[in-house]
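**Student:** Sharing my_file_4.tsv, TSV, C-alpha atoms:
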```
chain	number	residue	atom	x	y	z
A	19	MET	CA	0.00	0.00	0.00
A	20	ASN	CA	1.62	3.23	-1.13
A	21	GLY	CA	0.95	6.60	0.48
A	22	SER	CA	0.94	7.74	4.08
A	23	ARG	CA	-0.14	4.41	5.57
A	24	ALA	CA	1.36	0.91	5.39
A	25	TYR	CA	-0.94	-2.08	5.74
A	26	LEU	CA	1.09	-4.85	7.44
A	27	ASP	CA	-1.73	-7.00	8.81
A	28	HIS	CA	-2.28	-9.54	6.03
A	29	ASN	CA	-2.83	-12.44	8.44
A	30	ALA	CA	-5.93	-10.67	9.74
A	31	THR	CA	-7.21	-10.15	6.22
A	32	ALA	CA	-5.32	-9.86	2.96
A	33	PRO	CA	-5.95	-6.92	0.61
A	34	PHE	CA	-8.83	-7.60	-1.76
A	35	LEU	CA	-7.58	-8.85	-5.13
A	36	ARG	CA	-8.73	-7.24	-8.36
A	37	GLU	CA	-9.24	-10.73	-9.80
A	38	ALA	CA	-11.60	-11.60	-6.95
A	39	ARG	CA	-13.51	-8.35	-7.35
A	40	ASP	CA	-13.94	-8.87	-11.10
A	41	ALA	CA	-15.22	-12.41	-10.56
A	42	MET	CA	-17.71	-11.21	-7.96
A	43	VAL	CA	-19.02	-8.37	-10.13
A	44	ALA	CA	-19.56	-10.79	-13.01
A	45	ALA	CA	-21.40	-13.20	-10.69
A	46	LEU	CA	-23.64	-10.42	-9.41
A	47	ASP	CA	-25.07	-10.11	-12.92
A	48	LEU	CA	-26.33	-13.71	-12.84
A	49	SER	CA	-29.92	-13.94	-11.70
A	50	GLY	CA	-30.37	-17.71	-11.47
A	51	ASN	CA	-30.38	-19.90	-8.38
A	52	PRO	CA	-27.50	-22.42	-8.67
A	53	SER	CA	-29.92	-25.23	-7.77
A	54	SER	CA	-32.37	-24.41	-10.58
A	55	VAL	CA	-32.33	-26.58	-13.69
A	56	HIS	CA	-33.15	-23.85	-16.22
A	57	SER	CA	-30.52	-21.98	-18.24
A	58	GLU	CA	-30.09	-19.19	-15.71
A	59	GLY	CA	-29.61	-21.67	-12.90
A	60	ARG	CA	-27.10	-23.69	-14.92
A	61	LYS	CA	-25.05	-20.56	-15.62
A	62	ALA	CA	-24.91	-19.81	-11.89
A	63	ARG	CA	-23.99	-23.44	-11.17
A	64	SER	CA	-21.16	-23.33	-13.70
A	65	VAL	CA	-19.60	-20.37	-11.87
A	66	ILE	CA	-19.70	-22.23	-8.55
A	67	GLU	CA	-18.19	-25.36	-10.07
A	68	GLU	CA	-15.39	-23.37	-11.73
A	69	ALA	CA	-14.61	-21.84	-8.34
A	70	ARG	CA	-14.73	-25.28	-6.74
A	71	ARG	CA	-12.19	-26.54	-9.28
A	72	ASN	CA	-9.88	-23.60	-8.55
A	73	VAL	CA	-10.03	-24.21	-4.80
A	74	ALA	CA	-9.48	-27.93	-5.32
A	75	ASP	CA	-6.52	-27.23	-7.61
A	76	LEU	CA	-4.94	-25.06	-4.91
A	77	VAL	CA	-4.62	-28.11	-2.63
A	78	ASN	CA	-4.35	-30.76	-5.37
A	79	VAL	CA	-7.60	-32.65	-4.85
A	80	LYS	CA	-10.73	-33.33	-6.91
A	81	ALA	CA	-13.44	-30.68	-7.01
A	82	GLU	CA	-15.95	-33.03	-5.38
A	83	GLN	CA	-13.84	-32.94	-2.20
A	84	VAL	CA	-14.55	-29.21	-1.62
A	85	THR	CA	-17.50	-28.13	0.54
A	86	PHE	CA	-18.13	-24.38	0.61
A	87	THR	CA	-19.03	-22.72	3.93
A	88	SER	CA	-19.54	-19.18	5.22
A	89	GLY	CA	-15.92	-19.07	6.40
A	90	ALA	CA	-13.24	-20.92	8.35
A	91	THR	CA	-15.18	-20.72	11.62
A	92	GLU	CA	-18.15	-22.54	10.10
A	93	ALA	CA	-15.79	-25.04	8.45
A	94	ALA	CA	-14.22	-25.72	11.86
A	95	ASN	CA	-17.61	-26.21	13.48
A	96	LEU	CA	-18.59	-28.55	10.65
A	97	ALA	CA	-15.45	-30.68	11.07
A	98	LEU	CA	-15.20	-30.62	14.87
A	99	THR	CA	-18.05	-32.94	15.72
A	100	PRO	CA	-18.33	-36.32	17.47
A	101	ASP	CA	-20.59	-37.53	14.65
A	102	TYR	CA	-19.06	-38.78	11.40
A	103	ARG	CA	-20.06	-41.16	8.65
A	104	MET	CA	-17.86	-43.59	6.76
A	105	GLY	CA	-19.93	-44.39	3.71
A	106	ARG	CA	-23.27	-45.53	5.15
A	107	GLY	CA	-21.87	-46.38	8.57
A	108	ALA	CA	-21.63	-44.10	11.60
A	109	LEU	CA	-18.31	-43.25	13.28
A	110	VAL	CA	-18.07	-41.68	16.74
A	111	MET	CA	-15.25	-39.32	17.74
A	112	SER	CA	-15.22	-39.43	21.53
A	113	LYS	CA	-12.52	-36.83	22.22
A	114	LEU	CA	-11.09	-33.80	20.46
A	115	TYR	CA	-7.35	-33.07	20.81
A	116	VAL	CA	-6.14	-29.57	19.92
A	117	SER	CA	-2.86	-27.74	20.40
A	118	ALA	CA	-2.71	-24.90	22.92
A	119	ILE	CA	-2.04	-22.26	20.23
A	120	GLU	CA	-4.99	-22.98	17.97
A	121	HIS	CA	-7.24	-20.26	16.60
A	122	PRO	CA	-10.21	-19.48	18.90
A	123	ALA	CA	-12.56	-21.13	16.37
A	124	VAL	CA	-10.81	-24.45	17.01
A	125	LEU	CA	-10.09	-23.97	20.72
A	126	ALA	CA	-13.85	-23.52	21.25
A	127	GLY	CA	-14.20	-27.22	20.43
A	128	GLY	CA	-16.92	-27.07	17.79
A	129	ARG	CA	-19.72	-29.49	18.66
A	130	PHE	CA	-17.77	-31.33	21.36
A	131	ALA	CA	-18.64	-30.96	25.03
A	132	LYS	CA	-16.07	-28.88	26.90
A	133	ASP	CA	-14.93	-31.87	28.97
A	134	ASP	CA	-14.20	-33.81	25.80
A	135	VAL	CA	-11.68	-31.26	24.48
A	136	ILE	CA	-8.07	-32.10	25.39
A	137	ILE	CA	-5.41	-29.38	25.09
A	138	VAL	CA	-1.97	-30.54	23.92
A	139	PRO	CA	0.98	-28.33	25.00
A	140	VAL	CA	3.55	-26.71	22.73
A	141	ASP	CA	7.23	-25.91	23.23
A	142	GLY	CA	8.85	-22.49	23.59
A	143	ASP	CA	8.77	-21.95	19.83
A	144	GLY	CA	5.11	-22.90	19.55
A	145	ARG	CA	5.62	-26.35	18.03
A	146	ILE	CA	3.25	-29.02	19.29
A	147	ASP	CA	4.77	-31.37	21.87
A	148	LEU	CA	4.84	-34.56	19.80
A	149	LYS	CA	5.56	-36.76	22.79
A	150	ALA	CA	2.63	-35.28	24.71
A	151	LEU	CA	0.38	-35.86	21.71
A	152	GLU	CA	1.56	-39.44	21.39
A	153	ILE	CA	1.01	-40.13	25.11
A	154	ALA	CA	-2.48	-38.59	25.00
A	155	LEU	CA	-3.52	-40.61	21.95
A	156	THR	CA	-2.01	-43.81	23.35
A	157	ALA	CA	-4.15	-43.36	26.47
A	158	HIS	CA	-7.28	-42.66	24.41
A	159	ASP	CA	-10.18	-45.00	25.15
A	160	ARG	CA	-10.95	-46.50	21.73
A	161	GLU	CA	-13.98	-48.35	23.02
A	162	ALA	CA	-15.68	-44.98	23.52
A	163	GLY	CA	-14.85	-43.80	20.00
A	164	LEU	CA	-12.02	-42.54	17.80
A	165	PRO	CA	-9.79	-39.55	18.59
A	166	LEU	CA	-10.21	-36.40	16.48
A	167	VAL	CA	-7.13	-34.16	16.32
A	168	ALA	CA	-7.15	-30.55	15.09
A	169	VAL	CA	-3.99	-28.50	14.52
A	170	GLN	CA	-2.95	-25.45	12.54
A	171	LEU	CA	-0.55	-25.91	9.69
A	172	ALA	CA	0.74	-22.40	10.43
A	173	ASN	CA	-0.10	-20.24	13.42
A	174	ASN	CA	-1.87	-16.98	12.68
A	175	GLU	CA	0.09	-15.00	15.30
A	176	SER	CA	3.63	-16.39	15.30
A	177	GLY	CA	3.69	-17.88	11.81
A	178	ILE	CA	5.15	-21.12	13.22
A	179	ILE	CA	4.74	-24.05	10.83
A	180	GLN	CA	3.89	-27.30	12.58
A	181	PRO	CA	5.69	-30.59	11.75
A	182	ILE	CA	2.53	-31.83	10.09
A	183	ALA	CA	4.01	-35.05	8.68
A	184	GLU	CA	5.11	-36.16	12.16
A	185	ILE	CA	1.78	-35.15	13.68
A	186	SER	CA	-0.02	-37.06	10.94
A	187	ALA	CA	2.01	-40.22	11.59
A	188	ILE	CA	1.13	-40.14	15.30
A	189	VAL	CA	-2.56	-39.58	14.59
A	190	LYS	CA	-2.68	-42.37	12.01
A	191	GLN	CA	-0.94	-44.77	14.40
A	192	SER	CA	-3.71	-44.08	16.93
A	193	GLY	CA	-6.42	-44.68	14.35
A	194	GLY	CA	-7.52	-41.06	14.66
A	195	ILE	CA	-8.78	-38.40	12.25
A	196	LEU	CA	-6.74	-35.25	11.57
A	197	VAL	CA	-8.24	-31.84	10.77
A	198	VAL	CA	-5.73	-29.19	9.67
A	199	ASP	CA	-6.43	-25.47	9.82
A	200	ALA	CA	-4.57	-24.28	6.71
A	201	VAL	CA	-6.08	-20.79	6.65
A	202	GLN	CA	-2.73	-18.94	6.71
A	203	ALA	CA	-0.98	-21.12	4.12
A	204	PRO	CA	-2.36	-20.25	0.64
A	205	GLY	CA	0.01	-18.17	-1.45
A	206	ARG	CA	2.71	-18.51	1.21
A	207	ILE	CA	3.52	-22.22	1.46
A	208	SER	CA	2.43	-25.11	-0.70
A	209	LEU	CA	-0.61	-27.26	0.06
A	210	ASP	CA	-0.98	-30.79	-1.33
A	211	LEU	CA	-3.69	-32.77	0.40
A	212	SER	CA	-3.15	-35.64	-2.04
A	213	LEU	CA	-0.08	-36.53	0.04
A	214	GLY	CA	-2.51	-37.80	2.66
A	215	TYR	CA	-1.15	-35.93	5.69
A	216	ALA	CA	-4.62	-34.80	6.77
A	217	ASP	CA	-8.20	-36.00	6.54
A	218	PHE	CA	-9.58	-32.46	6.26
A	219	LEU	CA	-8.28	-28.95	5.49
A	220	ILE	CA	-9.91	-25.67	6.49
A	221	LEU	CA	-9.55	-22.62	4.22
A	222	SER	CA	-10.80	-19.02	4.30
A	223	ALA	CA	-11.11	-16.82	1.22
A	224	HIS	CA	-10.30	-13.46	2.80
A	225	LYS	CA	-6.91	-14.65	4.06
A	226	MET	CA	-5.79	-15.07	0.45
A	227	GLY	CA	-7.27	-11.87	-1.00
A	228	GLY	CA	-10.80	-13.11	-1.59
A	229	PRO	CA	-14.02	-11.83	-0.03
A	230	LYS	CA	-14.97	-12.16	3.62
A	231	GLY	CA	-17.80	-14.53	4.43
A	232	VAL	CA	-16.80	-17.64	2.50
A	233	GLY	CA	-14.50	-20.58	3.21
A	234	ALA	CA	-14.26	-24.30	2.67
A	235	LEU	CA	-13.84	-27.66	4.33
A	236	ILE	CA	-11.82	-29.91	2.04
A	237	SER	CA	-11.86	-33.67	2.57
A	238	ASN	CA	-9.14	-36.12	1.66
A	239	SER	CA	-11.86	-38.50	0.49
A	240	THR	CA	-15.58	-38.32	-0.13
A	241	LEU	CA	-16.11	-41.48	1.92
A	242	LEU	CA	-15.49	-39.96	5.36
A	243	MET	CA	-17.51	-36.84	6.21
A	244	PRO	CA	-18.79	-35.11	9.37
A	245	ALA	CA	-22.48	-34.87	10.15
A	246	PRO	CA	-23.90	-31.67	8.62
A	247	LEU	CA	-23.93	-28.56	10.76
A	248	LEU	CA	-26.64	-26.94	8.62
A	249	ARG	CA	-29.50	-29.11	7.37
A	250	GLY	CA	-32.12	-28.17	4.83
A	251	GLY	CA	-32.26	-28.27	1.05
A	252	GLY	CA	-29.32	-30.57	0.48
A	253	GLN	CA	-26.92	-28.15	-1.22
A	254	GLU	CA	-23.20	-29.02	-1.31
A	255	LYS	CA	-24.17	-32.69	-1.71
A	256	GLY	CA	-25.98	-32.59	1.60
A	257	HIS	CA	-22.94	-31.50	3.60
A	258	ARG	CA	-23.97	-27.84	3.96
A	259	ALA	CA	-27.54	-26.73	3.35
A	260	GLY	CA	-28.49	-23.26	2.11
A	261	THR	CA	-28.36	-21.53	-1.25
A	262	GLU	CA	-24.72	-20.98	-2.14
A	263	ALA	CA	-23.37	-17.43	-1.94
A	264	LEU	CA	-22.61	-17.20	-5.64
A	265	PRO	CA	-20.61	-13.90	-5.77
A	266	LEU	CA	-18.57	-14.81	-2.67
A	267	ILE	CA	-17.74	-18.27	-4.00
A	268	ALA	CA	-16.77	-16.79	-7.37
A	269	GLY	CA	-14.38	-14.40	-5.63
A	270	PHE	CA	-12.98	-17.26	-3.55
A	271	GLY	CA	-12.24	-19.28	-6.66
A	272	ALA	CA	-10.44	-16.37	-8.31
A	273	ALA	CA	-8.36	-15.74	-5.18
A	274	ALA	CA	-7.43	-19.42	-4.95
A	275	LYS	CA	-6.14	-19.33	-8.52
A	276	VAL	CA	-3.95	-16.32	-7.73
A	277	ALA	CA	-2.72	-17.91	-4.49
A	278	LYS	CA	-1.43	-20.94	-6.37
A	279	GLU	CA	0.34	-18.76	-8.92
A	280	ARG	CA	2.00	-16.75	-6.16
A	281	LEU	CA	3.77	-19.79	-4.73
A	282	THR	CA	6.47	-19.22	-7.33
A	283	LYS	CA	7.27	-15.92	-5.62
A	284	SER	CA	7.71	-17.20	-2.07
A	285	ASP	CA	11.41	-16.24	-2.08
A	286	GLU	CA	10.44	-12.62	-2.72
A	287	LEU	CA	8.04	-12.75	0.22
A	288	LEU	CA	10.74	-14.18	2.47
A	289	ALA	CA	13.13	-11.41	1.43
A	290	LYS	CA	10.58	-8.83	2.49
A	291	ARG	CA	10.10	-10.54	5.85
A	292	ASN	CA	13.86	-10.56	6.37
A	293	ALA	CA	13.90	-6.84	5.60
A	294	VAL	CA	11.19	-6.25	8.22
A	295	GLU	CA	13.20	-8.11	10.85
A	296	ALA	CA	16.40	-6.27	9.94
A	297	ILE	CA	14.55	-2.98	10.47
A	298	ILE	CA	13.26	-4.14	13.86
A	299	LEU	CA	16.67	-5.27	15.12
A	300	ASN	CA	18.37	-2.14	13.76
A	301	GLN	CA	15.95	0.21	15.51
A	302	ALA	CA	15.45	-1.95	18.63
A	303	PRO	CA	18.53	-4.20	19.08
A	304	ASP	CA	17.09	-5.92	22.16
A	305	ALA	CA	13.87	-6.91	20.38
A	306	LEU	CA	12.88	-10.56	20.53
A	307	ILE	CA	11.83	-12.21	17.25
A	308	HIS	CA	9.76	-15.14	18.46
A	309	SER	CA	10.31	-18.60	16.90
A	310	ALA	CA	13.11	-17.14	14.77
A	311	THR	CA	15.08	-20.39	14.56
A	312	VAL	CA	12.29	-22.69	13.37
A	313	ASP	CA	10.13	-22.93	10.26
A	314	ARG	CA	7.76	-19.99	9.95
A	315	LEU	CA	5.55	-18.49	7.29
A	316	PRO	CA	7.64	-16.35	4.93
A	317	ASN	CA	5.39	-13.36	5.60
A	318	THR	CA	5.06	-13.29	9.41
A	319	THR	CA	7.13	-11.68	12.15
A	320	PHE	CA	6.05	-11.93	15.80
A	321	PHE	CA	8.19	-9.73	18.04
A	322	THR	CA	8.49	-8.18	21.46
A	323	ILE	CA	10.39	-5.04	22.48
A	324	PRO	CA	11.35	-5.45	26.16
A	325	GLY	CA	9.91	-2.78	28.43
A	326	LEU	CA	7.20	-1.73	25.98
A	327	LYS	CA	3.66	-3.12	26.05
A	328	ALA	CA	2.35	-4.49	22.80
A	329	GLU	CA	-0.96	-2.62	23.07
A	330	THR	CA	0.87	0.70	23.54
A	331	LEU	CA	3.11	-0.02	20.57
A	332	GLN	CA	0.18	-0.98	18.39
A	333	ILE	CA	-1.52	2.36	19.07
A	334	ALA	CA	1.72	4.22	18.36
A	335	PHE	CA	2.18	2.40	15.07
A	336	ASP	CA	-1.41	3.13	14.06
A	337	LEU	CA	-0.99	6.81	14.81
A	338	GLY	CA	2.26	6.73	12.83
A	339	GLY	CA	0.57	5.25	9.78
A	340	VAL	CA	1.22	1.52	10.17
A	341	ALA	CA	-1.49	-1.11	10.52
A	342	LEU	CA	-0.29	-4.20	12.37
A	343	SER	CA	-1.66	-6.28	15.21
A	344	ALA	CA	-1.03	-7.40	18.77
A	345	GLY	CA	-2.58	-10.84	18.31
A	346	SER	CA	-5.38	-12.56	16.46
A	347	ALA	CA	-7.94	-10.23	14.91
A	348	CYS	CA	-10.62	-12.62	16.19
A	349	SER	CA	-9.48	-11.86	19.75
A	350	SER	CA	-9.44	-8.08	19.36
A	351	GLY	CA	-10.94	-6.11	22.19
A	352	LYS	CA	-9.98	-8.74	24.74
A	353	LEU	CA	-7.55	-7.68	27.41
A	354	GLY	CA	-4.66	-9.87	28.49
A	355	THR	CA	-1.68	-11.66	27.04
A	356	SER	CA	-1.98	-13.62	23.81
A	357	HIS	CA	-2.87	-17.26	24.49
A	358	VAL	CA	-0.17	-18.15	21.95
A	359	LEU	CA	2.51	-16.41	24.01
A	360	GLU	CA	1.22	-17.98	27.21
A	361	ALA	CA	1.28	-21.44	25.67
A	362	MET	CA	4.89	-20.82	24.62
A	363	GLY	CA	5.77	-19.90	28.21
A	364	LEU	CA	6.15	-16.20	27.37
A	365	GLY	CA	3.16	-14.79	29.20
A	366	LYS	CA	5.24	-12.20	31.07
A	367	VAL	CA	7.04	-10.54	28.14
A	368	GLY	CA	4.46	-7.75	27.84
A	369	GLY	CA	2.82	-9.06	24.71
A	370	ALA	CA	4.00	-9.17	21.13
A	371	LEU	CA	3.32	-7.45	17.84
A	372	ARG	CA	2.68	-9.23	14.57
A	373	VAL	CA	3.83	-7.86	11.25
A	374	SER	CA	2.28	-9.86	8.43
A	375	ILE	CA	3.09	-8.80	4.91
A	376	GLY	CA	2.05	-9.89	1.43
A	377	HIS	CA	3.08	-9.83	-2.19
A	378	GLU	CA	1.59	-6.33	-2.45
A	379	THR	CA	3.87	-4.98	0.32
A	380	SER	CA	6.18	-2.38	-1.22
A	381	ASP	CA	9.50	-0.76	-0.36
A	382	VAL	CA	7.47	2.35	0.47
A	383	ASP	CA	5.48	0.37	3.04
A	384	LEU	CA	8.71	-0.86	4.64
A	385	ALA	CA	10.06	2.69	4.71
A	386	VAL	CA	6.91	3.89	6.51
A	387	PHE	CA	7.31	1.06	9.02
A	388	GLU	CA	10.99	1.89	9.57
A	389	LYS	CA	10.33	5.59	10.13
A	390	CYS	CA	7.48	4.88	12.52
A	391	LEU	CA	9.56	2.46	14.59
A	392	ALA	CA	12.46	4.92	14.65
A	393	ASP	CA	10.12	7.64	15.95
A	394	ILE	CA	8.78	5.28	18.64
A	395	MET	CA	12.27	4.32	19.80
A	396	ALA	CA	13.62	7.89	19.73
```
Do you think you could lay out the structure here as structure tokens?

**Tutor:**
Amino acid sequence: MNGSRAYLDHNATAPFLREARDAMVAALDLSGNPSSVHSEGRKARSVIEEARRNVADLVNVKAEQVTFTSGATEAANLALTPDYRMGRGALVMSKLYVSAIEHPAVLAGGRFAKDDVIIVPVDGDGRIDLKALEIALTAHDREAGLPLVAVQLANNESGIIQPIAEISAIVKQSGGILVVDAVQAPGRISLDLSLGYADFLILSAHKMGGPKGVGALISNSTLLMPAPLLRGGGQEKGHRAGTEALPLIAGFGAAAKVAKERLTKSDELLAKRNAVEAIILNQAPDALIHSATVDRLPNTTFFTIPGLKAETLQIAFDLGGVALSAGSACSSGKLGTSHVLEAMGLGKVGGALRVSIGHETSDVDLAVFEKCLADIMA
């Protein structure tokens, strides 16, 4: 973003893509209901199915494996249920296991009772404690039902990338089902569900430059599916009732196509993140870059400046023309230390700021950030 302000909060919501806008405007001109069999309805249906193919292509699965929802929160609530079906047979998930740094939509436990949600700890960098996960799943009572495990591929605050292959191996050994929140990944790191590391992926359009209000639950197979959260007319093959939001889905599909194309430019994104961190350490040499030595998203920096509260810094940056965050946007307005920092054992550092950039981030944006931080530290 050029001009007097720099938008460095892409993990909260990415800037709206022109391609997504154009797709939505074109869809707004279609008057048919996608479930209608006449010509107008078929035209609307074709737009949804093209978008479905684009989203499926982003994660390398078949289009029939994509179920559209109103966003990642609904997708999480759809997937996080004790009630599943394997073909015509019922499967019961008796416990839900989640890492301590999950997004609030997952930590809430979906349709599980609170007592059936087990929190798995993470280490000081925010990586899930694999031994603790293995012990918990080994102790799981299989007579009561299967274990359901939900983890983020990449954390929305710290950017930490979980060792998903190792997590998957532990879950499979236990006979469990793995749901992966991949909301922060598109356009930043590759996604290939055909590798079989997860049973389900959760995506959100607005995190990749699409519209707000639409997301998807993507299954690794059409055989295993959760019980519907919304029942009614049987849309989305009975997995999610309600007339599809045609313009939103069209925008989602366009954004997914761009996200896949942008994977070829991940090195450029990493270079920008390195520039951000060089600015921070130059202006505040005692700053702490959290999880700096482990795999992180190439666009995310989570940092603390000792002696300065994150909330105070966030206000100062905003007044100086820089939009960034002091935690998850979905937790805004809540006082207290980030649950991610607390889970990492850093609850007393005074909070942390997140800079999350994107392919649109310019040298001008970085210059605005540098000047603002210099003014704060002066």

**Student:** Find the residue from A:Ala123, A:Leu247, A:Val367, A:Ala90 that sits nearest to His224 of chain A; use only C-alpha atoms when measuring.

**Tutor:**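 Of all the options, A:Ala90 lies closest to His224 of chain A.
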
**Student:** If we count only C-alpha atoms and set the cut-off at 10 Å, which residues sit around Ala97 of chain A, ignoring sequence neighbours fewer than 2 positions away in its own chain? Please answer as a ChimeraX atom specification.

**Tutor:** /A:91-95,99-102,124,128-129,166,168,196-198,218-220,235-237,243-247

**Student:** Point out the residue among A:Met111, A:Ile66, A:Leu213, A:Leu76 with the least atom-to-atom distance to Glu279 of chain A, counting all atoms listed in the file.

**Tutor:** A:Leu76

**Student:** Between A:Ala272, A:Val55, A:Val84, A:Ala162, which is the closest to Ala69 of chain A once you count all atoms listed in the file?

**Tutor:**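 Between A:Ala272, A:Val55, A:Val84, A:Ala162, the residue approaching Ala69 of chain A most closely is A:Ala272.
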
**Student:** Give me the residues within 8 Å of Leu164 of chain A as a ChimeraX atom specification, counting only C-alpha atoms and dropping any in the same chain fewer than 3 places off.

**Tutor:** /A:109-113,159-160,193-195

**Student:** I want to know what sits within 12 Å of Val382 of chain A, based on all atoms listed in the file, with residues of the same chain fewer than 2 positions away left out; could you give that as an mmCIF file with C-alpha atoms, in the coordinates of the input?

**Tutor:**
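The resulting out_24.cif:
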```
data_model
loop_
_atom_site.group_PDB
_atom_site.id
_atom_site.type_symbol
_atom_site.label_atom_id
_atom_site.label_comp_id
_atom_site.auth_asym_id
_atom_site.auth_seq_id
_atom_site.Cartn_x
_atom_site.Cartn_y
_atom_site.Cartn_z
ATOM 1 C CA MET A 19 0.000 0.000 0.000
ATOM 2 C CA ASN A 20 1.620 3.230 -1.130
ATOM 3 C CA GLY A 21 0.950 6.600 0.480
ATOM 4 C CA SER A 22 0.940 7.740 4.080
ATOM 5 C CA ARG A 23 -0.140 4.410 5.570
ATOM 6 C CA ALA A 24 1.360 0.910 5.390
ATOM 7 C CA TYR A 25 -0.940 -2.080 5.740
ATOM 8 C CA LEU A 26 1.090 -4.850 7.440
ATOM 9 C CA LYS A 290 10.580 -8.830 2.490
ATOM 10 C CA GLY A 339 0.570 5.250 9.780
ATOM 11 C CA VAL A 340 1.220 1.520 10.170
ATOM 12 C CA GLU A 378 1.590 -6.330 -2.450
ATOM 13 C CA THR A 379 3.870 -4.980 0.320
ATOM 14 C CA SER A 380 6.180 -2.380 -1.220
ATOM 15 C CA LEU A 384 8.710 -0.860 4.640
ATOM 16 C CA ALA A 385 10.060 2.690 4.710
ATOM 17 C CA VAL A 386 6.910 3.890 6.510
ATOM 18 C CA PHE A 387 7.310 1.060 9.020
ATOM 19 C CA GLU A 388 10.990 1.890 9.570
ATOM 20 C CA LYS A 389 10.330 5.590 10.130
#
```

**Student:** Choose the residue, out of A:His28, A:Lys149, A:Lys230, A:Lys190, that has the smallest atom-to-atom separation from Ala216 of chain A; count all atoms listed in the file.

**Tutor:** A:Lys190

**Student:** In Å to one decimal, how far is atom CA of Lys225 of chain A from atom CA of Val276 of chain A?

**Tutor:** 12.3 Å

**Student:** What separation in Å, quoted to one decimal, exists between atom CA of Asp210 of chain A and atom CA of Val79 of chain A?

**Tutor:** 7.7 Å

**Student:** Separation of atom CA of Leu125 of chain A and atom CA of Val140 of chain A, in Å?

**Tutor:**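 Atom CA of Val140 of chain A lies 14.1 Å from atom CA of Leu125 of chain A.
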
**Student:** For segment 36-44 of chain A, list every protein, DNA or RNA residue within 12 Å, evaluated using all atoms listed in the file, and leave out those in the same chain fewer than 2 positions away; present the list as a PyMOL selection string.

**Tutor:** chain A and resi 32-34+46-49+61-62+65-66+68-69+223-224+226-230+263-277+378

**Student:** List the neighbours of Ser284 of chain A out to 9 Å using all atoms listed in the file; skip same-chain residues closer than 6 positions along the sequence, and give me the result as a VMD selection string.

**Tutor:** chain A and resid 205 to 207 316 to 317 377

**Student:** Taking into account all atoms listed in the file, which residue in the set A:Leu242, A:Val312, A:Leu342, A:Ile298 is nearest to Ile394 of chain A?

**Tutor:**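 Checking each candidate against Ile394 of chain A, we get A:Ile298 as the closest.
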
**Student:** Could the residues of segment 146-210 of chain A that have an atom at most 7 Å from segment 318-327 of chain A be listed as a Markdown table, each with its closest atom pair and the distance in Å to one decimal, counting all atoms listed in the file and ordered by chain and ascending residue number?

**Tutor:**
```
| residue | atom | partner | partner_atom | distance |
| --- | --- | --- | --- | --- |
| A:Glu175 | CA | A:Phe320 | CA | 6.7 |
| A:Ser176 | CA | A:Phe320 | CA | 5.1 |
| A:Gly177 | CA | A:Thr318 | CA | 5.4 |
```

**Student:** Could you save the residues just selected, with C-alpha atoms, as a PDB file, in the coordinates of the input?

**Tutor:**
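Done, and the output landed in part-v5.pdb:
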```pdb
ATOM      1  CA  GLU A 175       0.090 -15.000  15.300  1.00  0.00           C
ATOM      2  CA  SER A 176       3.630 -16.390  15.300  1.00  0.00           C
ATOM      3  CA  GLY A 177       3.690 -17.880  11.810  1.00  0.00           C
TER       4      GLY A 177
END
```
